[in-house]
>>> print(open('protein-v6.cif').read())   # mmCIF, C-alpha atoms
data_target
#
loop_
_atom_site.label_atom_id
_atom_site.label_comp_id
_atom_site.auth_asym_id
_atom_site.auth_seq_id
_atom_site.Cartn_x
_atom_site.Cartn_y
_atom_site.Cartn_z
CA GLU A 1 0.00 0.00 0.00
CA ASP A 2 2.94 2.35 0.65
CA GLY A 3 4.55 1.32 -2.65
CA GLN A 4 7.63 -0.18 -1.01
CA VAL A 5 6.87 -3.80 -1.85
CA ALA A 6 6.53 -4.61 -5.55
CA VAL A 7 6.47 -7.96 -7.34
CA PHE A 8 6.57 -8.98 -10.98
CA SER A 9 6.75 -12.25 -12.86
CA SER A 10 9.21 -13.03 -15.63
CA ASP A 11 10.53 -16.12 -17.41
CA SER A 12 13.13 -16.35 -14.61
CA GLY A 13 10.53 -16.49 -11.84
CA LEU A 14 8.91 -14.16 -9.34
CA MET A 15 10.91 -11.03 -8.49
CA ARG A 16 10.44 -8.77 -5.46
CA SER A 17 11.54 -5.29 -4.44
CA VAL A 18 11.12 -4.01 -0.87
CA ASP A 19 12.80 -0.63 -1.30
CA GLY A 20 10.63 1.18 -3.84
CA LEU A 21 11.91 -0.60 -7.01
CA ASN A 22 15.62 0.05 -6.42
CA MET A 23 16.80 -3.55 -5.89
CA TRP A 24 15.18 -6.80 -7.02
CA THR A 25 15.61 -10.35 -5.75
CA THR A 26 14.20 -13.67 -6.93
CA ILE A 27 11.72 -15.03 -4.39
CA LEU A 28 10.38 -17.91 -6.49
CA PRO A 29 12.63 -19.41 -9.19
CA SER A 30 9.72 -20.84 -11.17
CA LEU A 31 7.64 -19.50 -14.02
CA CYS A 32 4.41 -18.14 -12.51
CA ARG A 33 1.11 -18.37 -14.33
CA SER A 34 -0.50 -15.96 -11.88
CA PHE A 35 0.13 -14.35 -8.51
CA ALA A 36 -1.49 -11.91 -6.12
CA MET A 37 -0.54 -10.31 -2.81
CA THR A 38 -2.16 -8.44 0.04
CA ARG A 39 -2.00 -4.67 -0.02
CA ASP A 40 0.76 -4.61 2.62
CA GLY A 41 2.85 -7.08 0.58
CA THR A 42 3.23 -9.70 3.33
CA LYS A 43 0.93 -12.47 2.11
CA MET A 44 1.11 -13.87 -1.42
CA VAL A 45 -0.53 -16.60 -3.47
CA ALA A 46 0.84 -17.95 -6.73
CA VAL A 47 0.39 -20.63 -9.37
CA THR A 48 3.48 -22.02 -11.09
CA ALA A 49 3.76 -23.55 -14.53
CA ALA A 50 4.89 -26.82 -12.99
CA THR A 51 1.77 -27.28 -10.84
CA GLN A 52 -1.01 -25.44 -12.62
CA THR A 53 -3.87 -27.00 -10.62
CA HIS A 54 -2.24 -26.11 -7.26
CA VAL A 55 -1.59 -22.91 -5.34
CA ILE A 56 1.36 -21.99 -3.15
CA GLN A 57 1.35 -19.33 -0.45
CA SER A 58 3.77 -17.11 1.44
CA SER A 59 3.11 -15.18 4.67
CA ASP A 60 6.51 -13.47 4.84
CA SER A 61 6.67 -11.44 1.61
CA GLY A 62 7.93 -14.39 -0.41
CA ALA A 63 10.86 -15.43 1.80
CA THR A 64 9.33 -18.90 2.23
CA TRP A 65 6.53 -20.76 0.45
CA THR A 66 4.14 -23.55 1.37
CA ALA A 67 4.03 -26.84 -0.46
CA PRO A 68 1.65 -26.83 -3.46
CA THR A 69 -1.98 -27.33 -2.43
CA PRO A 70 -4.37 -28.93 -4.95
CA VAL A 71 -7.43 -26.82 -5.73
CA ALA A 72 -8.99 -27.55 -9.11
CA ALA A 73 -9.08 -30.29 -11.72
CA SER A 74 -8.25 -27.92 -14.58
CA ALA A 75 -5.43 -25.41 -14.90
CA ILE A 76 -5.66 -22.25 -12.81
CA ARG A 77 -5.45 -19.08 -14.90
CA VAL A 78 -5.79 -16.29 -12.32
CA VAL A 79 -5.67 -15.82 -8.54
CA ALA A 80 -6.90 -13.13 -6.15
CA ILE A 81 -6.50 -12.44 -2.42
CA SER A 82 -8.24 -10.20 0.12
CA ASP A 83 -6.36 -7.59 2.13
CA ASP A 84 -6.08 -9.77 5.25
CA GLY A 85 -5.27 -12.91 3.27
CA SER A 86 -8.23 -14.87 4.60
CA THR A 87 -10.16 -15.00 1.32
CA LEU A 88 -8.55 -16.53 -1.77
CA ALA A 89 -10.05 -17.13 -5.20
CA VAL A 90 -8.83 -18.81 -8.39
CA GLY A 91 -10.23 -18.84 -11.91
CA THR A 92 -9.71 -21.94 -14.03
CA ALA A 93 -9.46 -22.92 -17.67
CA GLY A 94 -12.34 -24.34 -19.67
CA SER A 95 -11.96 -26.40 -22.81
CA GLY A 96 -15.53 -26.04 -24.04
CA ALA A 97 -15.80 -29.76 -24.78
CA THR A 98 -18.33 -30.70 -22.09
CA THR A 99 -20.24 -29.01 -19.28
CA THR A 100 -17.75 -30.45 -16.78
CA SER A 101 -14.89 -28.61 -18.46
CA PHE A 102 -16.30 -25.10 -18.11
CA GLY A 103 -14.09 -22.49 -16.53
CA THR A 104 -15.09 -21.75 -12.94
CA VAL A 105 -14.12 -19.87 -9.80
CA TRP A 106 -12.98 -21.65 -6.64
CA VAL A 107 -13.11 -19.67 -3.37
CA SER A 108 -11.51 -20.26 0.03
CA ALA A 109 -12.73 -18.33 3.08
CA ASP A 110 -10.12 -19.83 5.44
CA SER A 111 -6.79 -18.81 3.91
CA GLY A 112 -6.67 -21.81 1.60
CA SER A 113 -7.44 -24.62 4.05
CA SER A 114 -10.60 -25.56 2.13
CA TRP A 115 -12.03 -24.62 -1.25
CA VAL A 116 -15.54 -24.40 -2.77
CA ASP A 117 -16.41 -24.44 -6.48
CA THR A 118 -18.77 -21.46 -6.70
CA ALA A 119 -19.81 -22.41 -10.26
CA PRO A 120 -20.67 -19.04 -11.79
CA PRO A 121 -22.63 -19.37 -15.05
CA LEU A 122 -19.54 -19.15 -17.24
CA ILE A 123 -19.56 -20.02 -20.91
CA ALA A 124 -17.15 -22.82 -21.78
CA ASN A 125 -14.04 -20.65 -21.79
CA ASP A 126 -11.14 -19.68 -19.54
CA VAL A 127 -11.60 -17.33 -16.61
CA ARG A 128 -9.15 -14.64 -17.70
CA ASN A 129 -9.55 -11.98 -15.01
CA LEU A 130 -10.51 -12.15 -11.35
CA VAL A 131 -10.46 -9.26 -8.88
CA MET A 132 -11.94 -8.78 -5.43
CA SER A 133 -12.67 -6.06 -2.89
CA ALA A 134 -10.44 -5.54 0.14
CA ASP A 135 -12.68 -7.65 2.39
CA GLY A 136 -13.07 -10.43 -0.21
CA THR A 137 -16.86 -10.29 -0.44
CA SER A 138 -17.22 -8.63 -3.86
CA MET A 139 -15.60 -10.14 -6.97
CA MET A 140 -15.52 -9.65 -10.73
CA ALA A 141 -14.71 -12.49 -13.12
CA THR A 142 -14.39 -12.30 -16.90
CA GLU A 143 -14.09 -15.14 -19.38
CA ASN A 144 -12.30 -14.91 -22.66
CA ARG A 145 -15.15 -14.10 -24.99
CA GLU A 146 -17.90 -11.85 -23.75
CA GLY A 147 -18.79 -12.70 -20.17
CA LEU A 148 -18.67 -10.51 -17.06
CA TYR A 149 -19.82 -12.08 -13.80
CA GLN A 150 -20.09 -10.46 -10.38
CA THR A 151 -20.73 -11.56 -6.81
CA SER A 152 -21.24 -9.59 -3.60
CA ASP A 153 -21.37 -12.58 -1.25
CA GLN A 154 -18.01 -14.31 -1.75
CA GLY A 155 -19.27 -16.37 -4.66
CA THR A 156 -22.41 -17.82 -3.09
CA THR A 157 -24.41 -16.23 -5.90
CA TRP A 158 -23.25 -14.73 -9.20
CA ARG A 159 -24.97 -12.39 -11.63
CA THR A 160 -24.25 -11.82 -15.30
CA GLU A 161 -23.68 -8.22 -16.37
CA THR A 162 -25.51 -7.69 -19.65
CA SER A 163 -24.69 -4.02 -20.33
CA VAL A 164 -21.20 -5.00 -21.54
CA ARG A 165 -22.17 -8.28 -23.26
CA SER A 166 -22.60 -7.54 -26.93
CA GLY A 167 -21.47 -9.49 -29.96
CA ASP A 168 -18.37 -7.36 -30.62
CA VAL A 169 -17.04 -7.45 -27.07
CA SER A 170 -14.09 -9.73 -26.36
CA TRP A 171 -12.48 -9.92 -22.95
CA GLN A 172 -9.68 -12.26 -24.03
CA SER A 173 -7.01 -9.60 -23.68
CA GLY A 174 -8.88 -7.20 -21.43
CA SER A 175 -8.68 -6.78 -17.69
CA ALA A 176 -10.73 -5.71 -14.68
CA ALA A 177 -10.12 -3.59 -11.58
CA MET A 178 -12.08 -2.34 -8.60
CA SER A 179 -11.63 0.00 -5.65
CA SER A 180 -11.01 -1.39 -2.16
CA ASP A 181 -14.67 -1.07 -1.19
CA GLY A 182 -15.90 -2.54 -4.49
CA VAL A 183 -17.97 0.55 -5.32
CA HIS A 184 -15.87 1.72 -8.30
CA ARG A 185 -15.17 -0.82 -11.04
CA THR A 186 -13.72 -0.78 -14.53
CA LEU A 187 -13.16 -3.14 -17.45
CA ALA A 188 -10.69 -2.67 -20.29
CA GLN A 189 -11.46 -4.45 -23.54
CA ASP A 190 -9.24 -4.71 -26.59
CA GLY A 191 -11.97 -4.80 -29.23
CA ARG A 192 -10.70 -7.68 -31.39
CA GLY A 193 -10.96 -5.67 -34.58
CA ASN A 194 -13.37 -3.10 -33.17
CA THR A 195 -12.74 0.09 -31.22
CA GLY A 196 -11.38 -0.72 -27.77
CA ARG A 197 -13.52 0.24 -24.83
CA ILE A 198 -13.28 1.03 -21.17
CA TRP A 199 -16.42 0.45 -19.15
CA LYS A 200 -16.98 1.87 -15.67
CA SER A 201 -19.38 1.52 -12.77
CA ASP A 202 -19.71 3.74 -9.71
CA ASN A 203 -22.46 1.76 -7.99
CA SER A 204 -20.80 -1.57 -7.13
CA GLY A 205 -21.32 -3.00 -10.60
CA GLY A 206 -25.04 -2.32 -10.75
CA LEU A 207 -24.68 -0.44 -14.04
CA TYR A 208 -21.76 -0.01 -16.45
CA THR A 209 -21.35 2.85 -18.88
CA ARG A 210 -18.78 3.33 -21.61
CA GLY A 211 -15.83 5.50 -20.57
CA SER A 212 -14.30 8.37 -22.49
CA SER A 213 -11.18 6.56 -23.74
CA SER A 214 -11.32 5.14 -27.27
CA GLU A 215 -7.87 3.51 -27.17
CA THR A 216 -7.35 -0.24 -27.46
CA HIS A 217 -6.39 -1.09 -23.89
CA TYR A 218 -4.86 -4.39 -22.83
CA SER A 219 -4.71 -3.99 -19.06
CA ILE A 220 -6.01 -1.60 -16.41
CA ALA A 221 -5.35 -0.91 -12.72
CA MET A 222 -6.99 1.30 -10.11
CA THR A 223 -6.03 2.99 -6.83
CA SER A 224 -7.74 2.02 -3.58
CA ASP A 225 -10.21 4.91 -3.71
CA GLY A 226 -11.04 4.38 -7.39
CA THR A 227 -9.93 7.81 -8.62
CA GLY A 228 -6.53 6.97 -10.15
CA TRP A 229 -6.40 4.64 -13.17
CA LEU A 230 -3.50 3.29 -15.23
CA ALA A 231 -4.01 1.49 -18.55
CA SER A 232 -1.79 0.06 -21.28
CA SER A 233 -2.40 0.38 -25.00
CA ASN A 234 -0.86 -1.49 -27.93
CA SER A 235 -2.55 0.45 -30.71
CA GLY A 236 -0.28 2.29 -33.19
CA THR A 237 0.67 5.81 -32.14
CA SER A 238 -1.41 5.36 -28.97
CA MET A 239 0.88 2.57 -27.76
CA GLY A 240 2.05 3.20 -24.22
CA LEU A 241 0.73 3.85 -20.74
CA TRP A 242 -2.26 6.10 -20.15
CA LYS A 243 -3.22 7.70 -16.84
CA SER A 244 -6.45 9.12 -15.47
CA CYS A 245 -6.78 11.02 -12.18
CA ASP A 246 -10.54 11.48 -12.34
CA SER A 247 -11.95 7.94 -12.47
CA GLY A 248 -11.49 7.57 -16.21
CA GLU A 249 -13.13 10.80 -17.32
CA THR A 250 -9.98 12.25 -18.94
CA TRP A 251 -6.72 10.56 -19.99
CA THR A 252 -3.11 11.55 -20.66
CA GLN A 253 -0.42 9.45 -22.32
CA GLU A 254 2.37 9.04 -19.77
CA VAL A 255 4.80 6.61 -21.43
CA SER A 256 5.41 5.94 -25.12
CA GLY A 257 8.17 4.90 -27.49
CA VAL A 258 9.27 1.82 -25.55
CA SER A 259 9.94 -1.15 -27.83
CA GLY A 260 7.84 -4.28 -27.41
CA ALA A 261 4.25 -4.80 -26.37
CA TYR A 262 2.74 -3.20 -23.31
CA THR A 263 1.02 -5.96 -21.36
CA ARG A 264 -0.03 -6.02 -17.70
CA VAL A 265 0.02 -2.96 -15.47
CA GLY A 266 -0.08 -2.62 -11.67
CA LEU A 267 -0.72 0.30 -9.37
CA SER A 268 -0.20 0.65 -5.63
CA GLY A 269 -3.12 1.59 -3.41
CA ASP A 270 -2.13 5.24 -3.21
CA GLY A 271 -0.98 5.43 -6.84
CA SER A 272 2.64 6.22 -5.99
CA VAL A 273 4.07 3.06 -7.57
CA SER A 274 3.14 1.67 -10.98
CA VAL A 275 4.52 -1.34 -12.88
#
>>> encode(input="protein-v6.cif", output="structure tokens")
Amino acid sequence: EDGQVAVFSSDSGLMRSVDGLNMWTTILPSLCRSFAMTRDGTKMVAVTAATQTHVIQSSDSGATWTAPTPVAASAIRVVAISDDGSTLAVGTAGSGATTTSFGTVWVSADSGSSWVDTAPPLIANDVRNLVMSADGTSMMATENREGLYQTSDQGTTWRTETSVRSGDVSWQSGSAAMSSDGVHRTLAQDGRGNTGRIWKSDNSGGLYTRGSSSETHYSIAMTSDGTGWLASSNSGTSMGLWKSCDSGETWTQEVSGVSGAYTRVGLSGDGSVSV
């Protein structure tokens, strides 16, 4: 939350900085498919390429890790964790072959000791994005075609958001973010041949409206209070990082001209650190 602890994943493993991005050390020498950490940076959950149906956890900022714990039958694509580390969630892959192979969301309310398949009404595709509020009660899950699913009771019930489900909407390369209290939410969508969109909600996901940005955004992040946003774009002259300080109403291009694709972005709770 103070921006001192930062983590990123590379082909070499999971890297951590505890001094505001000055020095980096390897805390997990394995390729990570997904990872998440509490806002204070002490508790972490990760999925490695070697054990894609298991999760591992750390309660000391990545100094030590638990043995892999089995969670799901299919590969885990994304993980999320509440601020106190008590609520964990994972989104899985779906092959689309049978109803038993649909992507789903597993939730643990006891720090990973036990898991429940919450079975949101996902189409037979991967769960690509999964975010939760600070207390772990509210969650957003997207699958890789046109589905947005939300829960306000830790996955006991899910609802499908129809205002962003139209035939030209693809979430395969998009991403989701929400404020700590779950009131402010946003979705970035790459368009897949159409104009990219950012959708926003200021009433806990009750209604989404199209934001002002018309760039093709790949990833998006939000500060704890929902006012500061950071988004990446891979579209021509717009390629780079874009920032909004007014909940997505206006945007400025902050970084451009860096070679290679802009992929995932991260933002600390107060907005002082971005990756």
>>> closest_residue(input="protein-v6.cif", among="A:Ser113, A:Thr156, A:Asn129, A:Ser179", to="Ser219 in chain A", atoms="all atoms listed in the file")
A:Asn129
>>> atom_distance(input="protein-v6.cif", atom1="CA of Glu254 in chain A", atom2="CA of His217 in chain A")
14.0 Å
>>> atom_distance(input="protein-v6.cif", atom1="CA of Thr104 in chain A", atom2="CA of Asp117 in chain A")
7.1 Å
>>> atom_distance(input="protein-v6.cif", atom1="CA of Ser61 in chain A", atom2="CA of Asp83 in chain A")
13.6 Å
>>> residues_near_point(input="protein-v6.cif", point="(-13.2, 1.7, -18.4)", cutoff="7 Å", atoms="all atoms listed in the file", output="list in words")
Thr186, Leu187, Ala188, Arg197, Ile198, Trp199, Lys200, Arg210, Gly211 and Gly248 of chain A
>>> write_last_selection(input="protein-v6.cif", atoms="C-alpha atoms", output="short mmCIF file (atom, residue, chain, number, x, y, z; two decimals), in the coordinates of the input")
data_model
loop_
_atom_site.label_atom_id
_atom_site.label_comp_id
_atom_site.auth_asym_id
_atom_site.auth_seq_id
_atom_site.Cartn_x
_atom_site.Cartn_y
_atom_site.Cartn_z
CA THR A 186 -13.72 -0.78 -14.53
CA LEU A 187 -13.16 -3.14 -17.45
CA ALA A 188 -10.69 -2.67 -20.29
CA ARG A 197 -13.52 0.24 -24.83
CA ILE A 198 -13.28 1.03 -21.17
CA TRP A 199 -16.42 0.45 -19.15
CA LYS A 200 -16.98 1.87 -15.67
CA ARG A 210 -18.78 3.33 -21.61
CA GLY A 211 -15.83 5.50 -20.57
CA GLY A 248 -11.49 7.57 -16.21
#
>>> resolve_selection(input="protein-v6.cif", expression="the PyMOL selection byres ((chain A and resi 62-77) around 7)", output="list in words")
Ile27, Arg33, Ser34, Met44, Gln52, Thr53, His54, Val55, Ile56, Gln57, Ser58, Asp60, Ser61, Val78, Val90, Gly91, Thr92, Ala93, Trp115, Val127 and Arg128 of chain A
>>> residues_around(input="protein-v6.cif", residues="Gly13 in chain A", least_positions_apart="5", cutoff="10 Å", atoms="all atoms listed in the file", output="VMD selection string")
chain A and resid 8 26 to 33 48
>>> closest_residue(input="protein-v6.cif", among="A:Gly155, A:Gly240, A:Gly147, A:Gly226", to="His184 in chain A", atoms="only C-alpha atoms")
A:Gly226
>>> residues_near_point(input="protein-v6.cif", point="(-10.8, 7.2, -11.6)", cutoff="7 Å", atoms="all atoms listed in the file", output="tab-separated table (two decimals) with C-alpha atoms, in the frame of the given file")
chain	number	residue	atom	x	y	z
A	226	GLY	CA	-11.04	4.38	-7.39
A	227	THR	CA	-9.93	7.81	-8.62
A	228	GLY	CA	-6.53	6.97	-10.15
A	229	TRP	CA	-6.40	4.64	-13.17
A	244	SER	CA	-6.45	9.12	-15.47
A	245	CYS	CA	-6.78	11.02	-12.18
A	246	ASP	CA	-10.54	11.48	-12.34
A	247	SER	CA	-11.95	7.94	-12.47
A	248	GLY	CA	-11.49	7.57	-16.21
>>> resolve_selection(input="protein-v6.cif", expression="the PyMOL selection byres ((chain A and resi 153) around 12)", output="list in words")
Thr87, Val107, Ala109, Thr118, Met132, Ser133, Asp135, Gly136, Thr137, Ser138, Met139, Met140, Gln150, Thr151, Ser152, Gln154, Gly155, Thr156, Thr157, Trp158, Arg159 and Gly182 of chain A
>>> write_last_selection(input="protein-v6.cif", atoms="C-alpha atoms", output="PDB file, in the coordinates of the input")
ATOM      1  CA  THR A  87     -10.160 -15.000   1.320  1.00  0.00           C
ATOM      2  CA  VAL A 107     -13.110 -19.670  -3.370  1.00  0.00           C
ATOM      3  CA  ALA A 109     -12.730 -18.330   3.080  1.00  0.00           C
ATOM      4  CA  THR A 118     -18.770 -21.460  -6.700  1.00  0.00           C
ATOM      5  CA  MET A 132     -11.940  -8.780  -5.430  1.00  0.00           C
ATOM      6  CA  SER A 133     -12.670  -6.060  -2.890  1.00  0.00           C
ATOM      7  CA  ASP A 135     -12.680  -7.650   2.390  1.00  0.00           C
ATOM      8  CA  GLY A 136     -13.070 -10.430  -0.210  1.00  0.00           C
ATOM      9  CA  THR A 137     -16.860 -10.290  -0.440  1.00  0.00           C
ATOM     10  CA  SER A 138     -17.220  -8.630  -3.860  1.00  0.00           C
ATOM     11  CA  MET A 139     -15.600 -10.140  -6.970  1.00  0.00           C
ATOM     12  CA  MET A 140     -15.520  -9.650 -10.730  1.00  0.00           C
ATOM     13  CA  GLN A 150     -20.090 -10.460 -10.380  1.00  0.00           C
ATOM     14  CA  THR A 151     -20.730 -11.560  -6.810  1.00  0.00           C
ATOM     15  CA  SER A 152     -21.240  -9.590  -3.600  1.00  0.00           C
ATOM     16  CA  GLN A 154     -18.010 -14.310  -1.750  1.00  0.00           C
ATOM     17  CA  GLY A 155     -19.270 -16.370  -4.660  1.00  0.00           C
ATOM     18  CA  THR A 156     -22.410 -17.820  -3.090  1.00  0.00           C
ATOM     19  CA  THR A 157     -24.410 -16.230  -5.900  1.00  0.00           C
ATOM     20  CA  TRP A 158     -23.250 -14.730  -9.200  1.00  0.00           C
ATOM     21  CA  ARG A 159     -24.970 -12.390 -11.630  1.00  0.00           C
ATOM     22  CA  GLY A 182     -15.900  -2.540  -4.490  1.00  0.00           C
TER      23      GLY A 182
END
>>> resolve_selection(input="protein-v6.cif", expression="the PyMOL selection byres ((chain A and resi 84) around 12)", output="list in words")
Met37, Thr38, Arg39, Asp40, Gly41, Thr42, Lys43, Met44, Ser59, Ala80, Ile81, Ser82, Asp83, Gly85, Ser86, Thr87, Leu88, Ala109, Asp110, Ser111, Ser133, Ala134, Asp135 and Gly136 of chain A
>>> residues_around(input="protein-v6.cif", residues="Gly205 in chain A", least_positions_apart="2", cutoff="8 Å", atoms="all atoms listed in the file", output="ChimeraX atom specification")
/A:150,183-185,201-203,207-208
>>> closest_residue(input="protein-v6.cif", among="A:Ser12, A:Ser175, A:Ser108, A:Thr250", to="Val131 in chain A", atoms="all atoms listed in the file")
A:Ser175
